[in-house]
Structures are given as structure tokens and as C-alpha cells.
There are 2 protein chains.
Amino acid sequence: MLQQEAGHTERELLASFERTSEEWFSLEEFQRLMRSGRQLRIKYGVDVTAPFLHLGHAVNLWMMRKMQDLGHKVIFLIGDFTTTIGDPTGRNKLRPIIPPEEIEANAQAFIAQARMVLRFDDQHLLEIRRNSEWYKDMPVQELLRLLSMITHSRLIVRDMFQLRLKQGLDIHMHELLYPVLQGYDSFALDSDLTIIGSDQLFNELMGRFYQEHLGQSPQVVITTKITPGIDGKAKQSKSLGNYIGLGHSPRDKFGRAMKLPDSLIVTYFEIYTDIPMIDVEEIGQRVEQEPMQCKLRLAYEIVKRYHGKEVAEQEFFWFQETFSARQTPEDIPEMTLERGIQTPLELLKLFFNGQKSNRELRRLCEQGGVSRNEEVLRQPEQMLELCDGDVFHVGKRTWFRVRVSGN
Amino acid sequence: MLQQEAGHTERELLASFERTSEEWFSLEEFQRLMRSGRQLRIKYGVDVTAPFLHLGHAVNLWMMRKMQDLGHKVIFLIGDFTTTIGDPTGRNKLRPIIPPEEIEANAQAFIAQARMVLRFDDQHLLEIRRNSEWYKDMPVQELLRLLSMITHSRLIVRDMFQLRLKQGLDIHMHELLYPVLQGYDSFALDSDLTIIGSDQLFNELMGRFYQEHLGQSPQVVITTKITPGIDGKAKQSKSLGNYIGLGHSPRDKFGRAMKLPDSLIVTYFEIYTDIPMIDVEEIGQRVEQEPMQCKLRLAYEIVKRYHGKEVAEQEFFWFQETFSARQTPEDIPEMTLERGIQTPLELLKLFFNGQKSNRELRRLCEQGGVSRNEEVLRQPEQMLELCDGDVFHVGKRTWFRVRVSGN
């Protein structure tokens, strides 16, 4: 590669990374790595509890994909050992212990999602490792040696631990060691770089600490930007349901994107799509005038990024037809019932199967968000005689058809 | 054994233990153990750094010896694994790592001293174990499992850790785990009882905790009384030189006992001898009138306990002849030293401060002209452990007394 081209590549990469990154430890070290000319080892550590990847996770994956495209290697590290402990990050409760077979199933499900972005097809560009490789047979003495290198005060300052202490909650001792184990992983993998959410910063800086103490060059750590979820409030999370998941269907992705508050459209373009920044700026100028048009484009770009142009176009037209015309879509789910008499609340509970709380469903009903054959049903406890083929409409975009098996 | 006899034995044992014990966890449990009729396993855990046993340690040994005499078994546990970590007890500094061969040599030196009290000659009554047996091959996962059972707050409350935190000193993470390891030892040995100094209480209660969590009956923990050293101030310790060591010669033991302040005579009788309590009380009544006579009896009893009646009598007469005859003048010069360890030659050089040549001093020494507390020192280069109050006699008419400032 010519010097000039290398410089060009580096500038492009940095410009692209700038859109999605928050902090660098450090930029100078990263530039030095990029100029070294060697294949870099990028640690991608994953604590495989029940997996669901959303656009926030994908930001990191896309950055790693860019590195793969430049010939660097992603080390996909399944934290099968550490998952049995559970990182206390963002949790106020002790994590339950997960059986090994579940960890393995979770890892496979994780890969199925990460595959939408990362190249898993070339051993030269991606290696799958497990941290049980070094922890399974590590003697206690070796762990104690690692522990002798750090102090209690250095670990306990971690924000998560401080929060628990303030709230009078327990920190179990194995949890206190979690950052040490995650840190040592970087040494075990000889990691050059890791790209993470800022909640992992403490643990990955521990990685730098151990690499330096054990005679390696410390890895570069890049943290990525975090946005509010599609509710415009907290960051995307499974429990809040306010995320766009890689595992969601194209239709679901599109629909979820369309729920975004207008104020976040530009941010989402910048961070969750790869359209040129010049286009993002242009959108920023017209978003107030044409928010719906901009949002449609956003939903389109998001679906396109994961499912390709064709699927994105289909979803774009489907959405427009359905909602612009306010018709009931043709291909809606059906629910078969044995009994033809139900209250609206009972029916909704059956349909949502725990995804929404009773309270939520009751309110939805009382506020006029539930209708049968276009007739609004405001009383959640009212007895309904159901007919085979009745169409229920819940909220804006959920429909289902009732089939009564009739006995 | 008849019930009546058993009851008698238990009462005697408890009366004897009462003289030297401080706290019981718990007395009821101990009584239940004694009545179980089975051979008890008594954990005697030793962190084998440079060994020196003094009368304070011997209190615990004598109590265990009583248990041996009743047929119970002492498990002499060499903390060869934990010694490599170092218990932070009573230390404000990180302990240096000790090489394995030194640990083994220390263990042998330890046994040589403990043998003066404990029976090491019968496998049925004493078993030697090392905690490397279970820690050497323990996987990290198992340690993490143990750690998951306890919380950070439960460990950090330990007085020693709190002291360090208050003083802004570091607690290294492996030190924080020390109580866990010492506690687990009790489980590994299936310990019924342990008799310890109160500085070990936290760690041994951790033993009860782990035994209960892992399905064993928790060991009974008895802490023993601690007295001031022979300087009447701090408890006996090597660094202060204010102790009577099991390794000291009979003459040295006798001489050290004679230095005790009168106010401690009765306490020392109660805790460091086994003469009947009725005799101790009688001594208590006359100690103010005849302190010297009482102290001679104390010194005699202490030497007798470790070296037998004959040796004790010899030392008694030697001491009387030498010191009662007041051959040493009262008004002799004193010399204050900072370090308690010197060779005779170094000491004489300091004292004569250039008035006599090195050659002269060396010759004087080699010809038997130098003695400490009437004990001739013929080797000018021999390392001496000096005690505050040691009297040196040089040639015919020169005496001086050593004061060790002890820091």
C-alpha cells in the first residue's frame, strides 16, 4: 500500500469512526497501530446471557467490520467462563448462574445476529475464542498473583460498585473480581484494540492495566456513542422494549423506526446509518418541515443496511400503503379461540402473552385504543360474543384476526 | 468411660481452659462436642513466616495438649499456600512473598518449638497437613464459587482492613481474600475446634461461615487471653524483644521472667504456668510483701514447664548465687541502642568508643573475658539478640547495661 493511500484510508476511517465514537484511549496509540502495517487483533468480548443485539450494539459491530474490511482480525470472545459469574454492570441484583449448555445456545444465537454485520466467513478476519480456555485450568495461585497487582480501592471506585454501596446493596465478592477477569482477557488475547459501550470502560481499562503489568502493549479502547431509544428516553434496552433489534423482522424494524420522536431523526441518521454526512446535514435542514418524509427515509436506510435494498423498498411501500391509506393490512396474525365469549382484556392478554402488563392493556382499552371491526371497545371487562373473522385493532399498528374453533 | 468420670473430666477441663481463654463461639457447642464421645479434630493453623513461639503462643498449645491427653487429634496445618499471600493481620504493609523452600524450613523450625508442648509422636493425636493440598489444584471457578457466597461488606468490615482504609493505605486484592482462604481451611479439614489468638477471630469465624454454607457443623472457636510482655507494656513480640520464647535457653527464660514488673506476677502465674489456682491465689496474697520470692518461683515454674524440674532447679540456684550475691554493682553505665541485634565485638566497639583497639576487644572476648548476664560469650562475631536490661561484664571491673529503644 502506498503511503499516500494509507494516509487516505486512515483519514477516511477516522472520519467514519468520529460519527459513532465517544472517547479514545488513546487516539495517538490508535494512529500508531494503524501505521504499524501489521494485522491488528480486535477484542470483541461478549458476555453471553440471553442475546439480543440492537442498533446500539451494531454501532460497535460496524466499526469492527470496517477494520475487517481493512484486513484486521476480530477476536470474537465468548465469555463463557465469566458469564457464569455475571458482570454486575448496570445491575443491582446478583445475576443468576447460567448453565453451560444455555451459554452455548446463547452464543450461537448471538453469532446469528452479529453475522448481519461482521464477517464470520473468513478465519483470517475472525476468530472465535472462549475465555474458559485460560480460566478453566488456571490455578487459584495465578488468580491471586493477578489480584496482588491491584488494590481494593482501585476496584471499588467503579461507578457500579459505588452505586450499590450508596444504596446499601450487596456486592458479592466474585462480582468485585469481574473487572480483573475481563481485564486479563485482553492480555490472554494479546488484544490491540477494543470498541465498546462506555459501560464497559472500567473493565477494559483494567485490560490495559494488566497488559502493561504483564509486559504487553496496552490495547486501544474506543467507546461508542449511546442514543436514547425509540421512545426518546432511556437508551435502548430489552426490558424497556424501546429498541430496534437486529433480530427483528424488516417490517418490525421499519415500524419501530417510524415510532422515533422527530427530534432524534438526525442523530439516528448519523449514528445508525452510513449515508454520507453531507446527506445527513441536508436532512437536518429539512427535518422540521418534512419530518415524516425524513423518518421514512431513516426507516428505509436502517432496513436496507441489514436486509438490502430490495427488502427495504418492499417495506417502504408496504408501510406507505397501509398507513397512508389507513387500511387494515391483509397479512395479519390470527388467533384461534375455543370459546366465543371473552372480555377485551382477556383477549388482549391472550394475544400479547405477557409482553404487555394488564395495567397497560386496561389503560389502552379505556383510552379508546382497542377496536373490533372499527368499533371502539372502551370497557375492558365487557363480555363480547366473538365471531369467527372478527378483526381487532390495538394501538396504531397492531391487528389480529380471531378464529373461533367453535365447539 | 463412665458418665460420672466424663462429667468430672469435662469440669476439670473447663476450669483449666477458663484460666487462659477469652471468648467462646460457643461454650454450648463445645460442651456438646465433648459429650459426643468421638475424637475431635482440632485445627491448628500456622502461617509459617520466620517462626518464633513465645509463652503467648504456648497458651494455645497447652490447651491443645490437654485435648490430646483426652485422646483428641490436633491437625497441625502448615499454611504453605496462604503464607505465599501473607495474612495482613496486624500489618500495615504488604507482606513480601516467601519462597517455598523457606516456608518448609520455617515449618520445621516451628515444629521444633511446638514439640516442647504438643505431642508430635503419635499419629493418632497429631496430623501434619498443608493447605497447598487443596489450594494447589483448586480451579479458579471453585474459588469464585466460594467468593459468590460472601459479600464485599462482610469482608471489608474487618478491623485490620478498616484501619488501613482510615490511614489511606492500600489493601491489595489478594489480601482481601485471605480470610476466605483461611476460613475454607476449616472446611477442608472438617475442623471441630480451633484455639486461637483474638487477632485470628475474624478469619476463624469465616471458617464457621464456610463450614455452615458447605454443609458441615461449624467449628468451635476459642480465643485465648493476651498479656503484656515482660516490659509490662505491649504484648509479647519479636520486634519489641519483650517476650519469653520457647526457643530461648533455660537461663534466658529464667532471666527474662525475672525482669517482669511485679504487677504482672500473678497474671503470669495464672496464664503461663499450671500450678493450681489455689496456689496462685496464695501467691497473690503475698506478692506485695515478697515480690522477689514470688518472681523467683514464677521463673522456676516457667522453666520447669518446658525443661523439667531438674533444669529449673539448676537455673534457680545459678540465678540466686549470681544475682542475689549482688556481684554486679548497681550503679553501672547504661548504653542505649536502636537495634536489638549486635555482635559482641560491635557492642564493645560502641561502648569503648575507640579506647580499646578492635584486636584487643576481640582477644578479650575469645579468652572468655566478656559475658552477658553472667553467660560467657566467646565468639566476637556471634549475632546476639539483645534484651532491654541485659548486663555485660567486660574484663574484671567493667560492667554496662544495655537499653534497647526498640522501634
# chains A, B, ... in the order shown; residues from 1 in each chain; ligands from 1
call {"tool": "closest_atom_pairs", "arguments": {"of": "chain B", "to": "chain A", "cutoff": "8 Å", "atoms": "only C-alpha atoms", "output": "CSV"}}
result
residue,atom,partner,partner_atom,distance
B:Ile85,CA,A:Leu144,CA,7.9
B:Tyr135,CA,A:Val140,CA,6.7
B:Lys136,CA,A:Pro139,CA,6.9
B:Asp137,CA,A:Pro139,CA,6.2
B:Met138,CA,A:Val140,CA,6.0
B:Pro139,CA,A:Pro139,CA,5.3
B:Val140,CA,A:Val140,CA,4.9
B:Gln141,CA,A:Lys136,CA,7.2
B:Leu143,CA,A:Val140,CA,7.0
B:Leu144,CA,A:His174,CA,5.4
B:Arg145,CA,A:His174,CA,7.5
B:Leu147,CA,A:Met173,CA,5.0
B:Ser148,CA,A:His174,CA,5.1
B:Met149,CA,A:His172,CA,7.2
B:Ile150,CA,A:His172,CA,5.8
B:Thr151,CA,A:His172,CA,4.0
B:His152,CA,A:Met173,CA,5.3
B:Ser153,CA,A:Asp170,CA,7.1
B:Asp170,CA,A:Thr151,CA,6.1
B:Ile171,CA,A:His152,CA,5.4
B:His172,CA,A:Thr151,CA,4.0
B:Met173,CA,A:Leu147,CA,5.0
B:His174,CA,A:Leu147,CA,5.1
B:Glu175,CA,A:Ser148,CA,7.6
B:Leu176,CA,A:His152,CA,7.6
call {"tool": "closest_residue", "arguments": {"among": "B:Asn373, B:Glu12, B:Phe202, B:Glu282", "to": "Asp159 (chain B)", "atoms": "only C-alpha atoms"}}
result
B:Phe202
call {"tool": "select_by_dssp", "arguments": {"residues": "region 123-363 of chain B", "states": "strand (DSSP E or B)", "output": "JSON, numbers by chain"}}
result
{"B": [126, 127, 128, 129, 130, 139, 151, 172, 193, 194, 195, 196, 197, 220, 221, 222, 223, 224, 228, 235, 245, 334, 335, 336, 337, 341, 342]}
call {"tool": "residues_around", "arguments": {"residues": "Glu334 (chain A)", "least_positions_apart": "4", "cutoff": "8 Å", "atoms": "only C-alpha atoms", "output": "PyMOL selection string"}}
result
chain A and resi 400-403
call {"tool": "decode", "arguments": {"residues": "region 115-130 of chain B", "atoms": "all heavy atoms", "output": "PDB file, in the first residue's frame"}}
result
ATOM      1  N   ARG B 115       6.899 -28.699  69.551  1.00  0.00           N
ATOM      2  CA  ARG B 115       7.171 -30.007  70.137  1.00  0.00           C
ATOM      3  C   ARG B 115       7.411 -29.942  71.648  1.00  0.00           C
ATOM      4  O   ARG B 115       7.280 -30.938  72.336  1.00  0.00           O
ATOM      5  CB  ARG B 115       8.465 -30.519  69.495  1.00  0.00           C
ATOM      6  CG  ARG B 115       8.456 -31.899  69.006  1.00  0.00           C
ATOM      7  CD  ARG B 115       9.820 -32.181  68.374  1.00  0.00           C
ATOM      8  NE  ARG B 115       9.668 -32.667  67.016  1.00  0.00           N
ATOM      9  CZ  ARG B 115       9.167 -33.859  66.705  1.00  0.00           C
ATOM     10  NH1 ARG B 115       8.753 -34.665  67.645  1.00  0.00           N
ATOM     11  NH2 ARG B 115       9.073 -34.243  65.450  1.00  0.00           N
ATOM     12  N   MET B 116       7.820 -28.779  72.148  1.00  0.00           N
ATOM     13  CA  MET B 116       8.034 -28.645  73.590  1.00  0.00           C
ATOM     14  C   MET B 116       6.720 -28.802  74.343  1.00  0.00           C
ATOM     15  O   MET B 116       6.711 -29.025  75.547  1.00  0.00           O
ATOM     16  CB  MET B 116       8.648 -27.288  73.919  1.00  0.00           C
ATOM     17  CG  MET B 116       9.977 -27.056  73.239  1.00  0.00           C
ATOM     18  SD  MET B 116      10.778 -25.521  73.777  1.00  0.00           S
ATOM     19  CE  MET B 116      11.570 -26.085  75.279  1.00  0.00           C
ATOM     20  N   VAL B 117       5.604 -28.638  73.633  1.00  0.00           N
ATOM     21  CA  VAL B 117       4.297 -28.723  74.288  1.00  0.00           C
ATOM     22  C   VAL B 117       3.429 -29.833  73.683  1.00  0.00           C
ATOM     23  O   VAL B 117       2.952 -30.721  74.379  1.00  0.00           O
ATOM     24  CB  VAL B 117       3.538 -27.381  74.188  1.00  0.00           C
ATOM     25  CG1 VAL B 117       2.193 -27.484  74.897  1.00  0.00           C
ATOM     26  CG2 VAL B 117       4.386 -26.252  74.767  1.00  0.00           C
ATOM     27  N   LEU B 118       3.263 -29.777  72.382  1.00  0.00           N
ATOM     28  CA  LEU B 118       2.359 -30.719  71.725  1.00  0.00           C
ATOM     29  C   LEU B 118       3.020 -32.069  71.518  1.00  0.00           C
ATOM     30  O   LEU B 118       4.237 -32.156  71.354  1.00  0.00           O
ATOM     31  CB  LEU B 118       1.949 -30.187  70.345  1.00  0.00           C
ATOM     32  CG  LEU B 118       0.880 -29.108  70.290  1.00  0.00           C
ATOM     33  CD1 LEU B 118       0.540 -28.852  68.826  1.00  0.00           C
ATOM     34  CD2 LEU B 118      -0.371 -29.542  71.060  1.00  0.00           C
ATOM     35  N   ARG B 119       2.192 -33.085  71.497  1.00  0.00           N
ATOM     36  CA  ARG B 119       2.707 -34.410  71.172  1.00  0.00           C
ATOM     37  C   ARG B 119       2.722 -34.594  69.661  1.00  0.00           C
ATOM     38  O   ARG B 119       1.676 -34.587  69.010  1.00  0.00           O
ATOM     39  CB  ARG B 119       1.843 -35.483  71.832  1.00  0.00           C
ATOM     40  CG  ARG B 119       2.077 -35.537  73.339  1.00  0.00           C
ATOM     41  CD  ARG B 119       1.367 -36.707  73.939  1.00  0.00           C
ATOM     42  NE  ARG B 119       1.816 -37.975  73.336  1.00  0.00           N
ATOM     43  CZ  ARG B 119       1.286 -39.153  73.659  1.00  0.00           C
ATOM     44  NH1 ARG B 119       0.307 -39.225  74.545  1.00  0.00           N
ATOM     45  NH2 ARG B 119       1.733 -40.245  73.087  1.00  0.00           N
ATOM     46  N   PHE B 120       3.907 -34.719  69.127  1.00  0.00           N
ATOM     47  CA  PHE B 120       4.071 -34.948  67.695  1.00  0.00           C
ATOM     48  C   PHE B 120       4.426 -36.424  67.444  1.00  0.00           C
ATOM     49  O   PHE B 120       4.706 -36.799  66.318  1.00  0.00           O
ATOM     50  CB  PHE B 120       5.205 -34.074  67.142  1.00  0.00           C
ATOM     51  CG  PHE B 120       4.777 -32.681  66.755  1.00  0.00           C
ATOM     52  CD1 PHE B 120       4.555 -31.715  67.719  1.00  0.00           C
ATOM     53  CD2 PHE B 120       4.599 -32.335  65.414  1.00  0.00           C
ATOM     54  CE1 PHE B 120       4.176 -30.430  67.370  1.00  0.00           C
ATOM     55  CE2 PHE B 120       4.212 -31.058  65.062  1.00  0.00           C
ATOM     56  CZ  PHE B 120       3.999 -30.102  66.033  1.00  0.00           C
ATOM     57  N   ASP B 121       4.433 -37.234  68.502  1.00  0.00           N
ATOM     58  CA  ASP B 121       4.982 -38.594  68.408  1.00  0.00           C
ATOM     59  C   ASP B 121       3.924 -39.662  68.121  1.00  0.00           C
ATOM     60  O   ASP B 121       4.258 -40.821  67.979  1.00  0.00           O
ATOM     61  CB  ASP B 121       5.695 -38.946  69.726  1.00  0.00           C
ATOM     62  CG  ASP B 121       4.737 -38.846  70.909  1.00  0.00           C
ATOM     63  OD1 ASP B 121       3.733 -38.081  70.802  1.00  0.00           O
ATOM     64  OD2 ASP B 121       4.956 -39.516  71.927  1.00  0.00           O
ATOM     65  N   ASP B 122       2.645 -39.248  68.016  1.00  0.00           N
ATOM     66  CA  ASP B 122       1.587 -40.243  67.853  1.00  0.00           C
ATOM     67  C   ASP B 122       0.633 -39.779  66.758  1.00  0.00           C
ATOM     68  O   ASP B 122      -0.059 -38.773  66.912  1.00  0.00           O
ATOM     69  CB  ASP B 122       0.842 -40.398  69.193  1.00  0.00           C
ATOM     70  CG  ASP B 122      -0.230 -41.492  69.129  1.00  0.00           C
ATOM     71  OD1 ASP B 122      -0.578 -41.922  67.999  1.00  0.00           O
ATOM     72  OD2 ASP B 122      -0.713 -41.887  70.204  1.00  0.00           O
ATOM     73  N   GLN B 123       0.634 -40.508  65.652  1.00  0.00           N
ATOM     74  CA  GLN B 123      -0.191 -40.124  64.507  1.00  0.00           C
ATOM     75  C   GLN B 123      -1.672 -40.044  64.850  1.00  0.00           C
ATOM     76  O   GLN B 123      -2.445 -39.374  64.191  1.00  0.00           O
ATOM     77  CB  GLN B 123      -0.031 -41.135  63.371  1.00  0.00           C
ATOM     78  CG  GLN B 123       1.290 -41.035  62.670  1.00  0.00           C
ATOM     79  CD  GLN B 123       1.340 -41.938  61.445  1.00  0.00           C
ATOM     80  OE1 GLN B 123       0.354 -42.613  61.137  1.00  0.00           O
ATOM     81  NE2 GLN B 123       2.457 -41.951  60.768  1.00  0.00           N
ATOM     82  N   HIS B 124      -2.024 -40.786  65.891  1.00  0.00           N
ATOM     83  CA  HIS B 124      -3.425 -40.773  66.300  1.00  0.00           C
ATOM     84  C   HIS B 124      -3.798 -39.437  66.955  1.00  0.00           C
ATOM     85  O   HIS B 124      -4.964 -39.053  66.984  1.00  0.00           O
ATOM     86  CB  HIS B 124      -3.650 -41.936  67.278  1.00  0.00           C
ATOM     87  CG  HIS B 124      -5.092 -42.170  67.609  1.00  0.00           C
ATOM     88  ND1 HIS B 124      -6.002 -42.623  66.684  1.00  0.00           N
ATOM     89  CD2 HIS B 124      -5.803 -41.971  68.761  1.00  0.00           C
ATOM     90  CE1 HIS B 124      -7.203 -42.708  67.248  1.00  0.00           C
ATOM     91  NE2 HIS B 124      -7.110 -42.306  68.513  1.00  0.00           N
ATOM     92  N   LEU B 125      -2.796 -38.742  67.459  1.00  0.00           N
ATOM     93  CA  LEU B 125      -3.042 -37.489  68.201  1.00  0.00           C
ATOM     94  C   LEU B 125      -2.599 -36.247  67.439  1.00  0.00           C
ATOM     95  O   LEU B 125      -2.924 -35.136  67.829  1.00  0.00           O
ATOM     96  CB  LEU B 125      -2.326 -37.537  69.554  1.00  0.00           C
ATOM     97  CG  LEU B 125      -2.733 -38.666  70.514  1.00  0.00           C
ATOM     98  CD1 LEU B 125      -1.901 -38.598  71.790  1.00  0.00           C
ATOM     99  CD2 LEU B 125      -4.230 -38.575  70.836  1.00  0.00           C
ATOM    100  N   LEU B 126      -1.840 -36.430  66.408  1.00  0.00           N
ATOM    101  CA  LEU B 126      -1.381 -35.278  65.640  1.00  0.00           C
ATOM    102  C   LEU B 126      -1.154 -35.631  64.176  1.00  0.00           C
ATOM    103  O   LEU B 126      -0.552 -36.660  63.877  1.00  0.00           O
ATOM    104  CB  LEU B 126      -0.097 -34.683  66.221  1.00  0.00           C
ATOM    105  CG  LEU B 126       0.202 -33.311  65.610  1.00  0.00           C
ATOM    106  CD1 LEU B 126       0.472 -32.273  66.674  1.00  0.00           C
ATOM    107  CD2 LEU B 126       1.337 -33.384  64.603  1.00  0.00           C
ATOM    108  N   GLU B 127      -1.672 -34.765  63.343  1.00  0.00           N
ATOM    109  CA  GLU B 127      -1.585 -34.996  61.904  1.00  0.00           C
ATOM    110  C   GLU B 127      -0.991 -33.716  61.327  1.00  0.00           C
ATOM    111  O   GLU B 127      -1.412 -32.620  61.725  1.00  0.00           O
ATOM    112  CB  GLU B 127      -3.018 -35.180  61.416  1.00  0.00           C
ATOM    113  CG  GLU B 127      -3.205 -35.770  60.063  1.00  0.00           C
ATOM    114  CD  GLU B 127      -4.711 -35.919  59.758  1.00  0.00           C
ATOM    115  OE1 GLU B 127      -5.436 -36.541  60.566  1.00  0.00           O
ATOM    116  OE2 GLU B 127      -5.144 -35.357  58.745  1.00  0.00           O
ATOM    117  N   ILE B 128      -0.049 -33.837  60.416  1.00  0.00           N
ATOM    118  CA  ILE B 128       0.509 -32.632  59.786  1.00  0.00           C
ATOM    119  C   ILE B 128      -0.080 -32.486  58.390  1.00  0.00           C
ATOM    120  O   ILE B 128      -0.021 -33.418  57.591  1.00  0.00           O
ATOM    121  CB  ILE B 128       2.053 -32.689  59.721  1.00  0.00           C
ATOM    122  CG1 ILE B 128       2.625 -32.760  61.140  1.00  0.00           C
ATOM    123  CG2 ILE B 128       2.606 -31.475  58.981  1.00  0.00           C
ATOM    124  CD1 ILE B 128       4.135 -32.819  61.201  1.00  0.00           C
ATOM    125  N   ARG B 129      -0.671 -31.365  58.130  1.00  0.00           N
ATOM    126  CA  ARG B 129      -1.261 -31.121  56.813  1.00  0.00           C
ATOM    127  C   ARG B 129      -0.748 -29.796  56.265  1.00  0.00           C
ATOM    128  O   ARG B 129      -0.205 -28.972  57.000  1.00  0.00           O
ATOM    129  CB  ARG B 129      -2.795 -31.067  56.914  1.00  0.00           C
ATOM    130  CG  ARG B 129      -3.426 -32.310  57.517  1.00  0.00           C
ATOM    131  CD  ARG B 129      -3.388 -33.493  56.583  1.00  0.00           C
ATOM    132  NE  ARG B 129      -4.217 -33.271  55.413  1.00  0.00           N
ATOM    133  CZ  ARG B 129      -5.516 -33.562  55.345  1.00  0.00           C
ATOM    134  NH1 ARG B 129      -6.119 -34.077  56.397  1.00  0.00           N
ATOM    135  NH2 ARG B 129      -6.198 -33.345  54.244  1.00  0.00           N
ATOM    136  N   ARG B 130      -0.943 -29.595  54.973  1.00  0.00           N
ATOM    137  CA  ARG B 130      -0.551 -28.342  54.313  1.00  0.00           C
ATOM    138  C   ARG B 130      -1.724 -27.853  53.485  1.00  0.00           C
ATOM    139  O   ARG B 130      -2.366 -28.653  52.809  1.00  0.00           O
ATOM    140  CB  ARG B 130       0.660 -28.571  53.408  1.00  0.00           C
ATOM    141  CG  ARG B 130       1.934 -28.833  54.160  1.00  0.00           C
ATOM    142  CD  ARG B 130       3.040 -29.381  53.296  1.00  0.00           C
ATOM    143  NE  ARG B 130       4.294 -29.417  54.056  1.00  0.00           N
ATOM    144  CZ  ARG B 130       4.588 -30.330  54.958  1.00  0.00           C
ATOM    145  NH1 ARG B 130       3.754 -31.316  55.202  1.00  0.00           N
ATOM    146  NH2 ARG B 130       5.734 -30.265  55.605  1.00  0.00           N
TER     147      ARG B 130
END
